[in-house]
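Coordinates as given in my_file-v6.cif (mmCIF, N, CA and C atoms and all ligand atoms):
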```
data_protein
loop_
_atom_site.label_atom_id
_atom_site.label_comp_id
_atom_site.auth_asym_id
_atom_site.auth_seq_id
_atom_site.Cartn_x
_atom_site.Cartn_y
_atom_site.Cartn_z
N MET I 1 -41.26 17.64 -15.21
CA MET I 1 -40.29 16.93 -16.06
C MET I 1 -38.89 17.08 -15.49
N LYS I 2 -38.47 18.34 -15.29
CA LYS I 2 -37.13 18.59 -14.73
C LYS I 2 -37.00 17.98 -13.35
N ARG I 3 -38.05 18.16 -12.56
CA ARG I 3 -38.00 17.65 -11.19
C ARG I 3 -37.82 16.14 -11.16
N ASN I 4 -38.46 15.47 -12.11
CA ASN I 4 -38.37 14.01 -12.16
C ASN I 4 -36.98 13.52 -12.52
N LEU I 5 -36.20 14.40 -13.08
CA LEU I 5 -34.83 14.02 -13.46
C LEU I 5 -33.88 14.06 -12.27
N PHE I 6 -34.26 14.79 -11.22
CA PHE I 6 -33.36 14.94 -10.08
C PHE I 6 -32.96 13.60 -9.47
N VAL I 7 -33.97 12.75 -9.27
CA VAL I 7 -33.70 11.48 -8.60
C VAL I 7 -32.70 10.62 -9.39
N PRO I 8 -32.99 10.36 -10.68
CA PRO I 8 -31.98 9.55 -11.41
C PRO I 8 -30.61 10.21 -11.47
N ILE I 9 -30.56 11.53 -11.56
CA ILE I 9 -29.26 12.20 -11.63
C ILE I 9 -28.50 12.02 -10.31
N PHE I 10 -29.24 12.17 -9.19
CA PHE I 10 -28.57 11.99 -7.89
C PHE I 10 -28.12 10.55 -7.71
N LEU I 11 -28.95 9.62 -8.18
CA LEU I 11 -28.57 8.21 -8.08
C LEU I 11 -27.30 7.93 -8.88
N LEU I 12 -27.25 8.47 -10.08
CA LEU I 12 -26.07 8.28 -10.93
C LEU I 12 -24.84 8.89 -10.28
N LEU I 13 -25.02 10.10 -9.75
CA LEU I 13 -23.93 10.80 -9.08
C LEU I 13 -23.43 9.99 -7.89
N GLY I 14 -24.40 9.45 -7.12
CA GLY I 14 -24.05 8.62 -5.96
C GLY I 14 -23.26 7.40 -6.37
N LEU I 15 -23.74 6.73 -7.41
CA LEU I 15 -23.05 5.53 -7.90
C LEU I 15 -21.63 5.88 -8.35
N PHE I 16 -21.54 7.02 -9.03
CA PHE I 16 -20.23 7.46 -9.53
C PHE I 16 -19.28 7.70 -8.36
N LEU I 17 -19.79 8.39 -7.33
CA LEU I 17 -18.95 8.69 -6.16
C LEU I 17 -18.53 7.42 -5.44
N VAL I 18 -19.47 6.50 -5.29
CA VAL I 18 -19.15 5.24 -4.61
C VAL I 18 -18.07 4.49 -5.38
N SER I 19 -18.23 4.41 -6.70
CA SER I 19 -17.23 3.67 -7.48
C SER I 19 -15.90 4.41 -7.49
N ALA I 20 -15.94 5.75 -7.47
CA ALA I 20 -14.70 6.53 -7.43
C ALA I 20 -13.96 6.27 -6.12
N CYS I 21 -14.73 6.21 -5.02
CA CYS I 21 -14.12 5.97 -3.71
C CYS I 21 -13.53 4.57 -3.64
N GLN I 22 -14.26 3.61 -4.19
CA GLN I 22 -13.75 2.24 -4.17
C GLN I 22 -12.48 2.14 -4.99
N LYS I 23 -12.46 2.85 -6.10
CA LYS I 23 -11.29 2.81 -6.97
C LYS I 23 -10.10 3.43 -6.25
N LYS I 24 -10.39 4.47 -5.45
CA LYS I 24 -9.34 5.17 -4.75
C LYS I 24 -8.60 4.26 -3.77
N GLU I 25 -9.33 3.33 -3.18
CA GLU I 25 -8.69 2.41 -2.24
C GLU I 25 -8.97 0.98 -2.64
N ALA I 26 -8.48 0.60 -3.79
CA ALA I 26 -8.70 -0.75 -4.27
C ALA I 26 -7.89 -1.75 -3.44
N PHE I 27 -6.89 -1.23 -2.75
CA PHE I 27 -6.04 -2.09 -1.93
C PHE I 27 -5.76 -1.39 -0.62
N LYS I 28 -6.01 -2.10 0.46
CA LYS I 28 -5.71 -1.54 1.78
C LYS I 28 -5.21 -2.66 2.68
N LYS I 29 -4.12 -2.40 3.35
CA LYS I 29 -3.52 -3.42 4.20
C LYS I 29 -3.04 -2.75 5.48
N GLU I 30 -3.43 -3.32 6.61
CA GLU I 30 -2.95 -2.80 7.89
C GLU I 30 -2.11 -3.87 8.57
N ILE I 31 -0.94 -3.50 9.02
CA ILE I 31 -0.08 -4.45 9.71
C ILE I 31 0.35 -3.81 11.03
N VAL I 32 0.19 -4.57 12.11
CA VAL I 32 0.63 -4.09 13.41
C VAL I 32 1.83 -4.92 13.84
N SER I 33 2.86 -4.23 14.30
CA SER I 33 4.08 -4.93 14.70
C SER I 33 4.80 -4.11 15.76
N GLY I 34 5.01 -4.75 16.91
CA GLY I 34 5.75 -4.10 17.99
C GLY I 34 5.15 -2.77 18.43
N GLY I 35 3.83 -2.67 18.36
CA GLY I 35 3.17 -1.43 18.76
C GLY I 35 3.02 -0.43 17.64
N TYR I 36 3.80 -0.60 16.61
CA TYR I 36 3.71 0.28 15.44
C TYR I 36 2.66 -0.27 14.49
N LYS I 37 2.14 0.62 13.65
CA LYS I 37 1.14 0.19 12.66
C LYS I 37 1.46 0.80 11.31
N ALA I 38 1.39 -0.01 10.27
CA ALA I 38 1.55 0.47 8.91
C ALA I 38 0.22 0.31 8.19
N VAL I 39 -0.18 1.36 7.49
CA VAL I 39 -1.39 1.30 6.68
C VAL I 39 -0.99 1.57 5.23
N ILE I 40 -1.19 0.57 4.41
CA ILE I 40 -0.82 0.67 3.00
C ILE I 40 -2.09 0.79 2.18
N THR I 41 -2.13 1.79 1.32
CA THR I 41 -3.28 1.91 0.42
C THR I 41 -2.78 2.11 -1.00
N SER I 42 -3.59 1.67 -1.93
CA SER I 42 -3.27 1.86 -3.34
C SER I 42 -4.56 1.96 -4.11
N ASP I 43 -4.52 2.70 -5.22
CA ASP I 43 -5.74 2.81 -6.02
C ASP I 43 -5.93 1.63 -6.96
N GLN I 44 -4.97 0.70 -6.88
CA GLN I 44 -5.12 -0.52 -7.69
C GLN I 44 -4.78 -1.73 -6.83
N PRO I 45 -5.48 -2.83 -7.03
CA PRO I 45 -5.09 -4.05 -6.31
C PRO I 45 -3.72 -4.51 -6.80
N PRO I 46 -3.01 -5.30 -5.98
CA PRO I 46 -1.69 -5.76 -6.41
C PRO I 46 -1.76 -6.43 -7.78
N HIS I 47 -0.84 -6.02 -8.65
CA HIS I 47 -0.82 -6.56 -10.00
C HIS I 47 0.62 -6.60 -10.49
N VAL I 48 0.85 -7.39 -11.53
CA VAL I 48 2.18 -7.45 -12.12
C VAL I 48 2.48 -6.09 -12.75
N GLY I 49 3.65 -5.55 -12.38
CA GLY I 49 4.03 -4.22 -12.86
C GLY I 49 4.26 -3.30 -11.67
N ILE I 50 4.24 -2.00 -11.95
CA ILE I 50 4.52 -1.04 -10.88
C ILE I 50 3.25 -0.72 -10.11
N ASN I 51 3.32 -0.97 -8.80
CA ASN I 51 2.23 -0.67 -7.89
C ASN I 51 2.63 0.54 -7.06
N ILE I 52 1.80 1.56 -7.07
CA ILE I 52 2.12 2.74 -6.26
C ILE I 52 1.40 2.62 -4.92
N TRP I 53 2.19 2.48 -3.88
CA TRP I 53 1.65 2.29 -2.54
C TRP I 53 1.89 3.52 -1.70
N LYS I 54 0.82 3.94 -1.00
CA LYS I 54 0.93 4.99 0.00
C LYS I 54 1.07 4.28 1.34
N ILE I 55 2.10 4.62 2.07
CA ILE I 55 2.35 3.94 3.34
C ILE I 55 2.32 4.95 4.46
N LYS I 56 1.40 4.75 5.39
CA LYS I 56 1.36 5.59 6.60
C LYS I 56 1.85 4.74 7.75
N ILE I 57 2.70 5.31 8.56
CA ILE I 57 3.23 4.57 9.71
C ILE I 57 2.85 5.31 10.99
N TYR I 58 2.28 4.55 11.91
CA TYR I 58 1.87 5.13 13.19
C TYR I 58 2.74 4.58 14.31
N LYS I 59 3.12 5.47 15.19
CA LYS I 59 3.93 5.09 16.34
C LYS I 59 3.02 4.48 17.42
N PRO I 60 3.64 3.84 18.43
CA PRO I 60 2.82 3.22 19.49
C PRO I 60 1.87 4.23 20.17
N ASP I 61 2.23 5.51 20.19
CA ASP I 61 1.33 6.50 20.80
C ASP I 61 0.21 6.93 19.85
N GLY I 62 0.17 6.32 18.65
CA GLY I 62 -0.91 6.62 17.70
C GLY I 62 -0.59 7.76 16.75
N LYS I 63 0.52 8.46 17.01
CA LYS I 63 0.88 9.57 16.13
C LYS I 63 1.60 9.06 14.89
N LEU I 64 1.52 9.85 13.83
CA LEU I 64 2.22 9.49 12.60
C LEU I 64 3.72 9.51 12.80
N MET I 65 4.39 8.53 12.22
CA MET I 65 5.85 8.52 12.23
C MET I 65 6.30 9.19 10.94
N THR I 66 6.73 10.42 11.07
CA THR I 66 7.15 11.18 9.88
C THR I 66 8.67 11.32 9.88
N GLY I 67 9.19 11.62 8.71
CA GLY I 67 10.62 11.88 8.57
C GLY I 67 11.50 10.67 8.84
N ALA I 68 10.93 9.49 8.72
CA ALA I 68 11.72 8.29 9.00
C ALA I 68 12.42 7.81 7.72
N ASN I 69 13.42 6.99 7.94
CA ASN I 69 14.06 6.29 6.83
C ASN I 69 13.23 5.04 6.57
N VAL I 70 12.59 4.99 5.42
CA VAL I 70 11.70 3.86 5.15
C VAL I 70 12.22 3.07 3.95
N SER I 71 12.24 1.77 4.11
CA SER I 71 12.63 0.90 2.99
C SER I 71 11.52 -0.10 2.72
N VAL I 72 11.38 -0.45 1.46
CA VAL I 72 10.38 -1.44 1.06
C VAL I 72 11.08 -2.49 0.21
N ASN I 73 10.96 -3.72 0.64
CA ASN I 73 11.62 -4.82 -0.07
C ASN I 73 10.58 -5.85 -0.50
N GLY I 74 10.72 -6.32 -1.72
CA GLY I 74 9.89 -7.41 -2.22
C GLY I 74 10.76 -8.63 -2.44
N TYR I 75 10.31 -9.75 -1.89
CA TYR I 75 11.10 -10.98 -1.97
C TYR I 75 10.23 -12.10 -2.54
N MET I 76 10.79 -12.81 -3.49
CA MET I 76 10.11 -14.00 -4.01
C MET I 76 11.00 -15.20 -3.74
N PRO I 77 10.46 -16.18 -2.99
CA PRO I 77 11.27 -17.36 -2.70
C PRO I 77 11.62 -18.11 -3.98
N PRO I 78 12.64 -18.97 -3.91
CA PRO I 78 13.02 -19.71 -5.11
C PRO I 78 11.86 -20.57 -5.63
N MET I 79 11.76 -20.65 -6.93
CA MET I 79 10.74 -21.49 -7.57
C MET I 79 11.49 -22.51 -8.42
N PRO I 80 10.80 -23.56 -8.85
CA PRO I 80 11.49 -24.52 -9.72
C PRO I 80 12.09 -23.80 -10.93
N GLY I 81 13.39 -23.95 -11.08
CA GLY I 81 14.06 -23.33 -12.22
C GLY I 81 14.28 -21.85 -12.10
N MET I 82 14.06 -21.30 -10.89
CA MET I 82 14.23 -19.86 -10.73
C MET I 82 14.80 -19.56 -9.35
N PRO I 83 15.91 -18.86 -9.28
CA PRO I 83 16.45 -18.52 -7.96
C PRO I 83 15.56 -17.49 -7.26
N GLU I 84 15.81 -17.30 -5.97
CA GLU I 84 15.05 -16.30 -5.24
C GLU I 84 15.31 -14.91 -5.82
N MET I 85 14.35 -14.01 -5.58
CA MET I 85 14.52 -12.65 -6.06
C MET I 85 14.26 -11.70 -4.90
N SER I 86 15.02 -10.62 -4.89
CA SER I 86 14.85 -9.62 -3.84
C SER I 86 15.05 -8.23 -4.43
N PHE I 87 14.08 -7.37 -4.21
CA PHE I 87 14.15 -6.03 -4.78
C PHE I 87 13.92 -4.99 -3.69
N ASP I 88 14.73 -3.95 -3.69
CA ASP I 88 14.48 -2.78 -2.84
C ASP I 88 13.84 -1.71 -3.71
N TYR I 89 12.65 -1.30 -3.33
CA TYR I 89 11.90 -0.36 -4.16
C TYR I 89 12.13 1.08 -3.71
N PRO I 90 12.05 2.01 -4.65
CA PRO I 90 12.24 3.42 -4.26
C PRO I 90 11.11 3.90 -3.34
N VAL I 91 11.49 4.70 -2.38
CA VAL I 91 10.53 5.26 -1.42
C VAL I 91 10.73 6.77 -1.37
N VAL I 92 9.63 7.50 -1.46
CA VAL I 92 9.68 8.96 -1.39
C VAL I 92 8.89 9.41 -0.17
N ASP I 93 9.51 10.27 0.62
CA ASP I 93 8.84 10.84 1.80
C ASP I 93 7.90 11.94 1.35
N LYS I 94 6.60 11.74 1.56
CA LYS I 94 5.60 12.71 1.11
C LYS I 94 5.05 13.54 2.27
N GLY I 95 5.73 13.53 3.40
CA GLY I 95 5.26 14.33 4.54
C GLY I 95 4.49 13.47 5.51
N SER I 96 3.18 13.29 5.24
CA SER I 96 2.37 12.50 6.17
C SER I 96 2.37 11.02 5.81
N TYR I 97 2.92 10.71 4.64
CA TYR I 97 3.01 9.30 4.25
C TYR I 97 4.25 9.09 3.38
N TYR I 98 4.50 7.84 3.08
CA TYR I 98 5.63 7.49 2.21
C TYR I 98 5.04 6.82 0.97
N GLU I 99 5.62 7.13 -0.16
CA GLU I 99 5.13 6.53 -1.40
C GLU I 99 6.21 5.65 -1.99
N SER I 100 5.83 4.44 -2.34
CA SER I 100 6.80 3.52 -2.92
C SER I 100 6.27 2.96 -4.23
N LYS I 101 7.17 2.88 -5.19
CA LYS I 101 6.82 2.25 -6.47
C LYS I 101 7.28 0.80 -6.39
N VAL I 102 6.32 -0.06 -6.11
CA VAL I 102 6.58 -1.47 -5.85
C VAL I 102 6.41 -2.24 -7.16
N ASN I 103 7.53 -2.59 -7.75
CA ASN I 103 7.49 -3.29 -9.03
C ASN I 103 7.41 -4.81 -8.80
N LEU I 104 6.22 -5.34 -8.96
CA LEU I 104 6.03 -6.79 -8.82
C LEU I 104 6.21 -7.37 -10.22
N SER I 105 7.39 -7.95 -10.44
CA SER I 105 7.80 -8.23 -11.82
C SER I 105 7.16 -9.48 -12.41
N MET I 106 6.55 -10.30 -11.57
CA MET I 106 5.93 -11.52 -12.11
C MET I 106 4.89 -12.07 -11.15
N ARG I 107 4.12 -13.01 -11.65
CA ARG I 107 3.14 -13.71 -10.80
C ARG I 107 3.87 -14.63 -9.83
N GLY I 108 3.23 -14.92 -8.72
CA GLY I 108 3.83 -15.84 -7.76
C GLY I 108 3.67 -15.32 -6.34
N THR I 109 4.46 -15.86 -5.45
CA THR I 109 4.39 -15.52 -4.03
C THR I 109 5.34 -14.36 -3.72
N TRP I 110 4.81 -13.32 -3.17
CA TRP I 110 5.64 -12.17 -2.79
C TRP I 110 5.58 -11.96 -1.29
N GLN I 111 6.75 -11.66 -0.72
CA GLN I 111 6.82 -11.30 0.68
C GLN I 111 7.34 -9.87 0.74
N ILE I 112 6.60 -9.03 1.41
CA ILE I 112 6.96 -7.62 1.48
C ILE I 112 7.47 -7.30 2.89
N THR I 113 8.59 -6.62 2.95
CA THR I 113 9.12 -6.17 4.24
C THR I 113 9.28 -4.65 4.18
N ILE I 114 8.65 -3.99 5.13
CA ILE I 114 8.77 -2.53 5.23
C ILE I 114 9.49 -2.23 6.53
N LYS I 115 10.54 -1.44 6.42
CA LYS I 115 11.27 -1.04 7.62
C LYS I 115 11.23 0.47 7.73
N ALA I 116 11.06 0.95 8.96
CA ALA I 116 11.08 2.39 9.23
C ALA I 116 11.99 2.63 10.42
N GLN I 117 12.83 3.63 10.26
CA GLN I 117 13.78 3.91 11.33
C GLN I 117 13.97 5.41 11.46
N LYS I 118 13.94 5.87 12.68
CA LYS I 118 14.17 7.29 12.95
C LYS I 118 14.78 7.38 14.34
N GLY I 119 16.02 7.79 14.43
CA GLY I 119 16.70 7.80 15.72
C GLY I 119 16.67 6.41 16.31
N ASN I 120 16.18 6.29 17.54
CA ASN I 120 16.10 4.95 18.14
C ASN I 120 14.72 4.31 18.00
N GLU I 121 13.88 4.92 17.16
CA GLU I 121 12.57 4.31 16.88
C GLU I 121 12.71 3.40 15.66
N GLN I 122 12.24 2.19 15.79
CA GLN I 122 12.37 1.23 14.70
C GLN I 122 11.12 0.40 14.56
N ALA I 123 10.71 0.20 13.34
CA ALA I 123 9.54 -0.64 13.09
C ALA I 123 9.81 -1.53 11.89
N GLN I 124 9.26 -2.72 11.95
CA GLN I 124 9.39 -3.63 10.80
C GLN I 124 8.08 -4.35 10.58
N PHE I 125 7.64 -4.33 9.35
CA PHE I 125 6.35 -4.95 9.00
C PHE I 125 6.56 -5.95 7.87
N LYS I 126 5.90 -7.09 8.00
CA LYS I 126 6.01 -8.10 6.96
C LYS I 126 4.63 -8.62 6.61
N PHE I 127 4.42 -8.83 5.32
CA PHE I 127 3.21 -9.53 4.90
C PHE I 127 3.47 -10.14 3.53
N GLY I 128 2.60 -11.05 3.16
CA GLY I 128 2.80 -11.73 1.89
C GLY I 128 1.49 -11.92 1.16
N PHE I 129 1.57 -12.20 -0.13
CA PHE I 129 0.38 -12.47 -0.93
C PHE I 129 0.78 -13.21 -2.19
N ASN I 130 -0.21 -13.78 -2.81
CA ASN I 130 0.01 -14.46 -4.10
C ASN I 130 -0.56 -13.61 -5.21
N LEU I 131 0.24 -13.45 -6.24
CA LEU I 131 -0.23 -12.69 -7.40
C LEU I 131 -0.72 -13.68 -8.46
CU CU I 201 9.71 -16.50 -9.22
#
```
Represent the structure from my file as structure tokens, please.
Amino acid sequence: MKRNLFVPIFLLLGLFLVSACQKKEAFKKEIVSGGYKAVITSDQPPHVGINIWKIKIYKPDGKLMTGANVSVNGYMPPMPGMPEMSFDYPVVDKGSYYESKVNLSMRGTWQITIKAQKGNEQAQFKFGFNL
């Protein structure tokens, strides 16, 4: 009886772990620019409201770019009856990555620009999506 329970319990545990892992990275975006690479992950897909993004930046040699000045900007082009919008979001240096609270205030087209600068090393990443 007990032994027969092992299989369903392991299956349930496996399902739980798989769904937990998927939830952990509901959003992942890689952008390569000028030899640099940005990897953005979030436990939630982009949605209206505050999105917490973990941003890892890799230098052309493949090493992490740490201690950089990182900025994250969200831009929405003008819409009928609405001027363009541009927001600079707060960024916190977490050591191996940068965390930004990206407040996507409404549905529509968003263009994200991430800049990283440290001494004479500079990287800029751009991508867009529709909410
Ligand atoms: Cu708008």
Env of range 31-38 of chain I: 7 Å cut, atoms = all atoms listed in the file, seq-sep filter 6 positions within chain, self excluded. Answer as JSON, numbers by chain. {"I": [55, 56, 57, 58, 59, 60, 61, 123, 124, 125, 126]}
DSSP helix (DSSP H, G or I) residues within range 1-130 of chain I, as a VMD selection string: chain I and resid 2 to 24
Enclose the full set of atoms of range 92-99 of chain I listed in the file within a box whose edges lie along x, y and z, apply 8 Å of padding to each of the six sides, and report centre and edge lengths in Å to one decimal as AutoDock Vina command-line options.
```
--center_x 6.0 --center_y 10.0 --center_z 2.1 --size_x 23.3 --size_y 24.7 --size_z 24.2
```
Taking all atoms listed in the file into account, which of I:Leu131, I:Asp93, I:Glu84, I:Lys101 comes nearest ligand CU 201 (chain I)? I:Glu84
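The space between CA of Ile50 in chain I and CA of Gly128 in chain I spans 16.7 Å.
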Nearby polymer residues, ligand CU 201 (chain I), at most 6 Å, only C-alpha atoms and all ligand atoms, as number ranges by chain: I: 76, 79, 82
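Taking only C-alpha atoms into account, those protein, DNA and RNA residues with any atom at most 7 Å away from (-3.6, 0.2, -0.8) amount to Glu25, Ala26, Phe27, Lys28, Lys29, Ile40, Thr41, Ser42, Asp43, Trp53 and Lys54 of chain I.
Residue nearest Val39 in chain I, chosen from I:Gly119, I:Asn73, I:Val92, I:Glu99 and counting only C-alpha atoms: I:Glu99.
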From a DSSP calculation on the backbone, collect every residue of chain I in strand (DSSP E) and output the set as a short mmCIF file (atom, residue, chain, number, x, y, z; two decimals) with N, CA and C atoms, in the frame of the given file.
```cif
data_model
loop_
_atom_site.label_atom_id
_atom_site.label_comp_id
_atom_site.auth_asym_id
_atom_site.auth_seq_id
_atom_site.Cartn_x
_atom_site.Cartn_y
_atom_site.Cartn_z
N PHE I 27 -6.89 -1.23 -2.75
CA PHE I 27 -6.04 -2.09 -1.93
C PHE I 27 -5.76 -1.39 -0.62
N LYS I 28 -6.01 -2.10 0.46
CA LYS I 28 -5.71 -1.54 1.78
C LYS I 28 -5.21 -2.66 2.68
N LYS I 29 -4.12 -2.40 3.35
CA LYS I 29 -3.52 -3.42 4.20
C LYS I 29 -3.04 -2.75 5.48
N GLU I 30 -3.43 -3.32 6.61
CA GLU I 30 -2.95 -2.80 7.89
C GLU I 30 -2.11 -3.87 8.57
N ILE I 31 -0.94 -3.50 9.02
CA ILE I 31 -0.08 -4.45 9.71
C ILE I 31 0.35 -3.81 11.03
N VAL I 32 0.19 -4.57 12.11
CA VAL I 32 0.63 -4.09 13.41
C VAL I 32 1.83 -4.92 13.84
N SER I 33 2.86 -4.23 14.30
CA SER I 33 4.08 -4.93 14.70
C SER I 33 4.80 -4.11 15.76
N TYR I 36 3.80 -0.60 16.61
CA TYR I 36 3.71 0.28 15.44
C TYR I 36 2.66 -0.27 14.49
N LYS I 37 2.14 0.62 13.65
CA LYS I 37 1.14 0.19 12.66
C LYS I 37 1.46 0.80 11.31
N ALA I 38 1.39 -0.01 10.27
CA ALA I 38 1.55 0.47 8.91
C ALA I 38 0.22 0.31 8.19
N VAL I 39 -0.18 1.36 7.49
CA VAL I 39 -1.39 1.30 6.68
C VAL I 39 -0.99 1.57 5.23
N ILE I 40 -1.19 0.57 4.41
CA ILE I 40 -0.82 0.67 3.00
C ILE I 40 -2.09 0.79 2.18
N THR I 41 -2.13 1.79 1.32
CA THR I 41 -3.28 1.91 0.42
C THR I 41 -2.78 2.11 -1.00
N SER I 42 -3.59 1.67 -1.93
CA SER I 42 -3.27 1.86 -3.34
C SER I 42 -4.56 1.96 -4.11
N GLY I 49 3.65 -5.55 -12.38
CA GLY I 49 4.03 -4.22 -12.86
C GLY I 49 4.26 -3.30 -11.67
N ILE I 50 4.24 -2.00 -11.95
CA ILE I 50 4.52 -1.04 -10.88
C ILE I 50 3.25 -0.72 -10.11
N ASN I 51 3.32 -0.97 -8.80
CA ASN I 51 2.23 -0.67 -7.89
C ASN I 51 2.63 0.54 -7.06
N ILE I 52 1.80 1.56 -7.07
CA ILE I 52 2.12 2.74 -6.26
C ILE I 52 1.40 2.62 -4.92
N TRP I 53 2.19 2.48 -3.88
CA TRP I 53 1.65 2.29 -2.54
C TRP I 53 1.89 3.52 -1.70
N LYS I 54 0.82 3.94 -1.00
CA LYS I 54 0.93 4.99 0.00
C LYS I 54 1.07 4.28 1.34
N ILE I 55 2.10 4.62 2.07
CA ILE I 55 2.35 3.94 3.34
C ILE I 55 2.32 4.95 4.46
N LYS I 56 1.40 4.75 5.39
CA LYS I 56 1.36 5.59 6.60
C LYS I 56 1.85 4.74 7.75
N ILE I 57 2.70 5.31 8.56
CA ILE I 57 3.23 4.57 9.71
C ILE I 57 2.85 5.31 10.99
N TYR I 58 2.28 4.55 11.91
CA TYR I 58 1.87 5.13 13.19
C TYR I 58 2.74 4.58 14.31
N ASN I 69 13.42 6.99 7.94
CA ASN I 69 14.06 6.29 6.83
C ASN I 69 13.23 5.04 6.57
N VAL I 70 12.59 4.99 5.42
CA VAL I 70 11.70 3.86 5.15
C VAL I 70 12.22 3.07 3.95
N SER I 71 12.24 1.77 4.11
CA SER I 71 12.63 0.90 2.99
C SER I 71 11.52 -0.10 2.72
N VAL I 72 11.38 -0.45 1.46
CA VAL I 72 10.38 -1.44 1.06
C VAL I 72 11.08 -2.49 0.21
N ASN I 73 10.96 -3.72 0.64
CA ASN I 73 11.62 -4.82 -0.07
C ASN I 73 10.58 -5.85 -0.50
N GLY I 74 10.72 -6.32 -1.72
CA GLY I 74 9.89 -7.41 -2.22
C GLY I 74 10.76 -8.63 -2.44
N TYR I 75 10.31 -9.75 -1.89
CA TYR I 75 11.10 -10.98 -1.97
C TYR I 75 10.23 -12.10 -2.54
N MET I 76 10.79 -12.81 -3.49
CA MET I 76 10.11 -14.00 -4.01
C MET I 76 11.00 -15.20 -3.74
N MET I 85 14.35 -14.01 -5.58
CA MET I 85 14.52 -12.65 -6.06
C MET I 85 14.26 -11.70 -4.90
N SER I 86 15.02 -10.62 -4.89
CA SER I 86 14.85 -9.62 -3.84
C SER I 86 15.05 -8.23 -4.43
N PHE I 87 14.08 -7.37 -4.21
CA PHE I 87 14.15 -6.03 -4.78
C PHE I 87 13.92 -4.99 -3.69
N ASP I 88 14.73 -3.95 -3.69
CA ASP I 88 14.48 -2.78 -2.84
C ASP I 88 13.84 -1.71 -3.71
N TYR I 89 12.65 -1.30 -3.33
CA TYR I 89 11.90 -0.36 -4.16
C TYR I 89 12.13 1.08 -3.71
N VAL I 91 11.49 4.70 -2.38
CA VAL I 91 10.53 5.26 -1.42
C VAL I 91 10.73 6.77 -1.37
N VAL I 92 9.63 7.50 -1.46
CA VAL I 92 9.68 8.96 -1.39
C VAL I 92 8.89 9.41 -0.17
N ASP I 93 9.51 10.27 0.62
CA ASP I 93 8.84 10.84 1.80
C ASP I 93 7.90 11.94 1.35
N TYR I 98 4.50 7.84 3.08
CA TYR I 98 5.63 7.49 2.21
C TYR I 98 5.04 6.82 0.97
N GLU I 99 5.62 7.13 -0.16
CA GLU I 99 5.13 6.53 -1.40
C GLU I 99 6.21 5.65 -1.99
N SER I 100 5.83 4.44 -2.34
CA SER I 100 6.80 3.52 -2.92
C SER I 100 6.27 2.96 -4.23
N LYS I 101 7.17 2.88 -5.19
CA LYS I 101 6.82 2.25 -6.47
C LYS I 101 7.28 0.80 -6.39
N VAL I 102 6.32 -0.06 -6.11
CA VAL I 102 6.58 -1.47 -5.85
C VAL I 102 6.41 -2.24 -7.16
N ASN I 103 7.53 -2.59 -7.75
CA ASN I 103 7.49 -3.29 -9.03
C ASN I 103 7.41 -4.81 -8.80
N LEU I 104 6.22 -5.34 -8.96
CA LEU I 104 6.03 -6.79 -8.82
C LEU I 104 6.21 -7.37 -10.22
N THR I 109 4.46 -15.86 -5.45
CA THR I 109 4.39 -15.52 -4.03
C THR I 109 5.34 -14.36 -3.72
N TRP I 110 4.81 -13.32 -3.17
CA TRP I 110 5.64 -12.17 -2.79
C TRP I 110 5.58 -11.96 -1.29
N GLN I 111 6.75 -11.66 -0.72
CA GLN I 111 6.82 -11.30 0.68
C GLN I 111 7.34 -9.87 0.74
N ILE I 112 6.60 -9.03 1.41
CA ILE I 112 6.96 -7.62 1.48
C ILE I 112 7.47 -7.30 2.89
N THR I 113 8.59 -6.62 2.95
CA THR I 113 9.12 -6.17 4.24
C THR I 113 9.28 -4.65 4.18
N ILE I 114 8.65 -3.99 5.13
CA ILE I 114 8.77 -2.53 5.23
C ILE I 114 9.49 -2.23 6.53
N LYS I 115 10.54 -1.44 6.42
CA LYS I 115 11.27 -1.04 7.62
C LYS I 115 11.23 0.47 7.73
N ALA I 116 11.06 0.95 8.96
CA ALA I 116 11.08 2.39 9.23
C ALA I 116 11.99 2.63 10.42
N GLN I 117 12.83 3.63 10.26
CA GLN I 117 13.78 3.91 11.33
C GLN I 117 13.97 5.41 11.46
N LYS I 118 13.94 5.87 12.68
CA LYS I 118 14.17 7.29 12.95
C LYS I 118 14.78 7.38 14.34
N GLU I 121 13.88 4.92 17.16
CA GLU I 121 12.57 4.31 16.88
C GLU I 121 12.71 3.40 15.66
N GLN I 122 12.24 2.19 15.79
CA GLN I 122 12.37 1.23 14.70
C GLN I 122 11.12 0.40 14.56
N ALA I 123 10.71 0.20 13.34
CA ALA I 123 9.54 -0.64 13.09
C ALA I 123 9.81 -1.53 11.89
N GLN I 124 9.26 -2.72 11.95
CA GLN I 124 9.39 -3.63 10.80
C GLN I 124 8.08 -4.35 10.58
N PHE I 125 7.64 -4.33 9.35
CA PHE I 125 6.35 -4.95 9.00
C PHE I 125 6.56 -5.95 7.87
N LYS I 126 5.90 -7.09 8.00
CA LYS I 126 6.01 -8.10 6.96
C LYS I 126 4.63 -8.62 6.61
N PHE I 127 4.42 -8.83 5.32
CA PHE I 127 3.21 -9.53 4.90
C PHE I 127 3.47 -10.14 3.53
N GLY I 128 2.60 -11.05 3.16
CA GLY I 128 2.80 -11.73 1.89
C GLY I 128 1.49 -11.92 1.16
N PHE I 129 1.57 -12.20 -0.13
CA PHE I 129 0.38 -12.47 -0.93
C PHE I 129 0.78 -13.21 -2.19
N ASN I 130 -0.21 -13.78 -2.81
CA ASN I 130 0.01 -14.46 -4.10
C ASN I 130 -0.56 -13.61 -5.21
#
```
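Among the candidate residues I:Gln117, I:Trp110, I:Leu104, I:Gly62, the one lying nearest to Tyr75 in chain I is I:Trp110, with distances computed using all atoms listed in the file.
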Report as a PyMOL selection string all protein, DNA and RNA residues lying within 7 Å of Val70 in chain I, evaluated on only C-alpha atoms, omitting residues in the same chain fewer than 6 positions from it. chain I and resi 91+115-117
Extract, using only N, CA and C atoms, all DNA, RNA and protein residues at most 8 Å from Gly108 in chain I, discarding same-chain residues fewer than 3 positions from it, and format them as number ranges by chain. I: 76-77, 105, 111, 129-131
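Our summary of the geometry notes that CA of Ser71 in chain I is positioned 17.0 Å from atom N of Glu30 in chain I.
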